[in-house]
Amino acid sequence: MMEQQPTSPDVTLLDYQYAPARSAMGEAEVEAFPHVLPGWIERKQSPVHIPYRNRWRPIESDSSSVEPRFELRTDTSVVEDTEEISDEQIMAAMVSHELVVRMPPVSQFTVQLEIRSVRNAVPNPLSPEVIP
Amino acid sequence: MTVEYPWYQVLDGHANLEQGDFVRECPIIVPRRELEPEARVAAHVINYNVVIMSQSCDLEQKKLDLVLVCPIYPLDEFGSKNAFYQSKKGKEALRRGYSPAYCLLNECDIDGFERGLSVVDFLNVYGVSFDLLIDLAKTRGARLRLLPPYREHLSQAFARFFMRVGLPVDIPAFA
């Protein structure tokens with residue numbers, strides 16, 4: 001069975017684990033039509049591959065095709081990968097929690113100000129930009 | 001083919017200020033009472049790590065005197081103040097944009113500017129003197145900048161926070 005491996009430009013992680021793509025012939029067809037094939041065709045018990053087990057997965061992948069797809073994830077976070085959390089679960093949790101967080105500053109201290117003047121602001125209107 | 005879209009870059013302190021620039025320990029002066037001419041009053045100076053929210057074109061053309069900035073906090077510290085945002089559901093809510101008052105930013109691994117996931121706080125917006133920010137940028141040297149399209153993503157989230165509307169009588173959901 002021909003193993004297809006992603007080339008180096010396709011993978012950005014050196015320790016990236018992936019399952020080899022299946023060839024056009026062989027396992028895919030055997031498993032798709034097991035009942036029509038002669039019994040003398042042996043099917044290898046291939047070890048169970050758990051593709052893309054790397055916890056940090058910047059790449060969305062699909063190894064089910066003969067041409068594996070590798071695309072950058074659109075998520076904006078590299079938070080540790082978790083089970084899929086549904087929107088309903090999140091919404092339910094948000095109802096029962098205070099969602100506003102009052103954070104302390106980096107630092108603070110007191111100064112004495114000498115007020116030199118107090119005045120009202122003067123508007124500085126800008127000319128509208130010309131739209132061609 | 002993999003294309004890189006880095007979140008951040010480091011700039012020299014003399015580079016022009018833009019939306020998405022991070023300023024460490026930006027001082028916000030808070031007077032204790034009303035100010036009168038020729039008075040001496042006590043005031044608090046509160047330092048926040050902030051990100052510039054004013055539009056880059058306005059900054060470049062110097063159309064403003066006050067620059068809008070929002071505080072930014074490490075996610076871990078943010079979560080330590082609120083159990084929900086310490087949980088996976090809370091972090092996921094931030095990541096999916098379900099908490100309109102906050103925006104989650106990615107980690108940074110640039111040497112000298114390393115930091116973990118961060119949360120921008122839209123609830124507390126400050127106007128800081130443009131001249132002060134320029135001076136801070138020059139004297140403090142290199143600074144971090146949020147790059148496109150993540151910068152526009154932050155800007156859009158900021159706009160979404162201020163344009164949200166709570167309908168008193170909403171249309172019933174379809175069954």
# chains A, B, ... in the order shown; residues from 1 in each chain; ligands from 1
call {"tool": "interface_residues", "arguments": {"of": "chain A", "to": "chain B", "cutoff": "6 Å", "atoms": "only C-alpha atoms", "output": "PyMOL selection string"}}
result
chain A and resi 9-10+77+90+105-118
call {"tool": "write_last_selection", "arguments": {"atoms": "C-alpha atoms", "output": "PDB file, in the first residue's frame"}}
result
ATOM      1  CA  PRO A   9       5.586  22.855   3.393  1.00  0.00           C
ATOM      2  CA  ASP A  10       2.315  21.294   4.469  1.00  0.00           C
ATOM      3  CA  SER A  77      -6.880  30.583  20.420  1.00  0.00           C
ATOM      4  CA  ILE A  90     -21.780  27.714  27.120  1.00  0.00           C
ATOM      5  CA  PRO A 105      -4.421  47.919  37.589  1.00  0.00           C
ATOM      6  CA  VAL A 106      -0.768  47.107  37.119  1.00  0.00           C
ATOM      7  CA  SER A 107       0.087  49.650  39.794  1.00  0.00           C
ATOM      8  CA  GLN A 108      -1.258  52.841  41.329  1.00  0.00           C
ATOM      9  CA  PHE A 109      -0.083  55.690  43.517  1.00  0.00           C
ATOM     10  CA  THR A 110      -1.135  59.171  44.581  1.00  0.00           C
ATOM     11  CA  VAL A 111       0.269  62.444  43.311  1.00  0.00           C
ATOM     12  CA  GLN A 112      -0.321  66.062  44.050  1.00  0.00           C
ATOM     13  CA  LEU A 113      -1.522  68.048  41.087  1.00  0.00           C
ATOM     14  CA  GLU A 114      -0.983  71.733  40.676  1.00  0.00           C
ATOM     15  CA  ILE A 115      -3.889  72.892  38.554  1.00  0.00           C
ATOM     16  CA  ARG A 116      -2.692  75.561  36.190  1.00  0.00           C
ATOM     17  CA  SER A 117      -5.894  76.061  34.307  1.00  0.00           C
ATOM     18  CA  VAL A 118      -9.321  74.622  33.802  1.00  0.00           C
TER      19      VAL A 118
END
call {"tool": "residues_around", "arguments": {"residues": "Phe130 (chain B)", "least_positions_apart": "4", "cutoff": "10 Å", "atoms": "only C-alpha atoms", "output": "JSON, numbers by chain"}}
result
{"B": [17, 59, 62, 64, 65, 66, 67, 68, 134, 135, 136]}
call {"tool": "residues_around", "arguments": {"residues": "Ala159 (chain B)", "least_positions_apart": "2", "cutoff": "12 Å", "atoms": "only C-alpha atoms", "output": "PDB file with N, CA, C and O atoms, in the first residue's frame"}}
result
ATOM      1  N   MET B  53      -6.965  51.531  20.617  1.00  0.00           N
ATOM      2  CA  MET B  53      -8.159  51.185  19.858  1.00  0.00           C
ATOM      3  C   MET B  53      -8.494  52.220  18.788  1.00  0.00           C
ATOM      4  O   MET B  53      -9.250  51.916  17.870  1.00  0.00           O
ATOM      5  N   SER B  54      -7.973  53.413  18.887  1.00  0.00           N
ATOM      6  CA  SER B  54      -8.265  54.426  17.875  1.00  0.00           C
ATOM      7  C   SER B  54      -7.758  53.957  16.519  1.00  0.00           C
ATOM      8  O   SER B  54      -6.745  53.261  16.413  1.00  0.00           O
ATOM      9  N   GLN B  55      -8.479  54.363  15.478  1.00  0.00           N
ATOM     10  CA  GLN B  55      -8.136  53.943  14.129  1.00  0.00           C
ATOM     11  C   GLN B  55      -6.772  54.471  13.694  1.00  0.00           C
ATOM     12  O   GLN B  55      -6.413  55.620  13.974  1.00  0.00           O
ATOM     13  N   PRO B 100     -19.299  39.865  24.871  1.00  0.00           N
ATOM     14  CA  PRO B 100     -19.005  41.030  24.026  1.00  0.00           C
ATOM     15  C   PRO B 100     -18.131  42.073  24.695  1.00  0.00           C
ATOM     16  O   PRO B 100     -17.506  42.878  24.000  1.00  0.00           O
ATOM     17  N   ALA B 101     -18.078  42.064  26.034  1.00  0.00           N
ATOM     18  CA  ALA B 101     -17.261  43.070  26.707  1.00  0.00           C
ATOM     19  C   ALA B 101     -15.779  42.754  26.660  1.00  0.00           C
ATOM     20  O   ALA B 101     -14.948  43.595  27.019  1.00  0.00           O
ATOM     21  N   TYR B 102     -15.437  41.541  26.225  1.00  0.00           N
ATOM     22  CA  TYR B 102     -14.039  41.119  26.254  1.00  0.00           C
ATOM     23  C   TYR B 102     -13.652  40.481  24.926  1.00  0.00           C
ATOM     24  O   TYR B 102     -14.476  39.922  24.214  1.00  0.00           O
ATOM     25  N   CYS B 103     -12.363  40.572  24.623  1.00  0.00           N
ATOM     26  CA  CYS B 103     -11.840  39.948  23.418  1.00  0.00           C
ATOM     27  C   CYS B 103     -10.555  39.199  23.762  1.00  0.00           C
ATOM     28  O   CYS B 103      -9.655  39.763  24.400  1.00  0.00           O
ATOM     29  N   PHE B 122     -13.250  45.847  27.098  1.00  0.00           N
ATOM     30  CA  PHE B 122     -13.905  46.966  26.419  1.00  0.00           C
ATOM     31  C   PHE B 122     -14.758  47.800  27.374  1.00  0.00           C
ATOM     32  O   PHE B 122     -15.175  48.894  27.031  1.00  0.00           O
ATOM     33  N   LEU B 123     -15.058  47.248  28.558  1.00  0.00           N
ATOM     34  CA  LEU B 123     -15.907  47.976  29.502  1.00  0.00           C
ATOM     35  C   LEU B 123     -15.223  49.241  30.001  1.00  0.00           C
ATOM     36  O   LEU B 123     -15.880  50.237  30.283  1.00  0.00           O
ATOM     37  N   GLU B 152      -7.994  43.956  13.036  1.00  0.00           N
ATOM     38  CA  GLU B 152      -9.337  44.309  12.591  1.00  0.00           C
ATOM     39  C   GLU B 152     -10.389  43.470  13.317  1.00  0.00           C
ATOM     40  O   GLU B 152     -11.513  43.923  13.553  1.00  0.00           O
ATOM     41  N   HIS B 153     -10.025  42.255  13.658  1.00  0.00           N
ATOM     42  CA  HIS B 153     -10.916  41.397  14.444  1.00  0.00           C
ATOM     43  C   HIS B 153     -11.173  42.027  15.807  1.00  0.00           C
ATOM     44  O   HIS B 153     -12.306  42.073  16.289  1.00  0.00           O
ATOM     45  N   LEU B 154     -10.134  42.565  16.424  1.00  0.00           N
ATOM     46  CA  LEU B 154     -10.276  43.250  17.710  1.00  0.00           C
ATOM     47  C   LEU B 154     -11.130  44.498  17.548  1.00  0.00           C
ATOM     48  O   LEU B 154     -12.033  44.768  18.342  1.00  0.00           O
ATOM     49  N   SER B 155     -10.855  45.255  16.504  1.00  0.00           N
ATOM     50  CA  SER B 155     -11.603  46.489  16.256  1.00  0.00           C
ATOM     51  C   SER B 155     -13.073  46.203  16.031  1.00  0.00           C
ATOM     52  O   SER B 155     -13.956  46.916  16.515  1.00  0.00           O
ATOM     53  N   GLN B 156     -13.351  45.131  15.299  1.00  0.00           N
ATOM     54  CA  GLN B 156     -14.737  44.756  15.034  1.00  0.00           C
ATOM     55  C   GLN B 156     -15.435  44.346  16.322  1.00  0.00           C
ATOM     56  O   GLN B 156     -16.596  44.686  16.559  1.00  0.00           O
ATOM     57  N   ALA B 157     -14.731  43.611  17.164  1.00  0.00           N
ATOM     58  CA  ALA B 157     -15.307  43.204  18.448  1.00  0.00           C
ATOM     59  C   ALA B 157     -15.600  44.418  19.314  1.00  0.00           C
ATOM     60  O   ALA B 157     -16.611  44.473  20.020  1.00  0.00           O
ATOM     61  N   PHE B 161     -19.325  45.596  20.600  1.00  0.00           N
ATOM     62  CA  PHE B 161     -19.669  45.813  22.004  1.00  0.00           C
ATOM     63  C   PHE B 161     -20.486  47.083  22.164  1.00  0.00           C
ATOM     64  O   PHE B 161     -21.472  47.121  22.901  1.00  0.00           O
ATOM     65  N   PHE B 162     -20.115  48.120  21.442  1.00  0.00           N
ATOM     66  CA  PHE B 162     -20.799  49.400  21.610  1.00  0.00           C
ATOM     67  C   PHE B 162     -22.077  49.501  20.791  1.00  0.00           C
ATOM     68  O   PHE B 162     -22.910  50.357  21.065  1.00  0.00           O
ATOM     69  N   MET B 163     -22.250  48.669  19.810  1.00  0.00           N
ATOM     70  CA  MET B 163     -23.443  48.769  18.978  1.00  0.00           C
ATOM     71  C   MET B 163     -24.494  47.715  19.355  1.00  0.00           C
ATOM     72  O   MET B 163     -25.532  47.629  18.722  1.00  0.00           O
ATOM     73  N   ARG B 164     -24.222  46.944  20.396  1.00  0.00           N
ATOM     74  CA  ARG B 164     -25.191  45.907  20.750  1.00  0.00           C
ATOM     75  C   ARG B 164     -26.453  46.543  21.310  1.00  0.00           C
ATOM     76  O   ARG B 164     -26.415  47.607  21.945  1.00  0.00           O
TER      77      ARG B 164
END
call {"tool": "select_by_dssp", "arguments": {"residues": "region 17-132 of chain B", "states": "strand (DSSP E)", "output": "PyMOL selection string"}}
result
chain B and resi 22-31+40-52+66-74+102-105+118-121+126-129
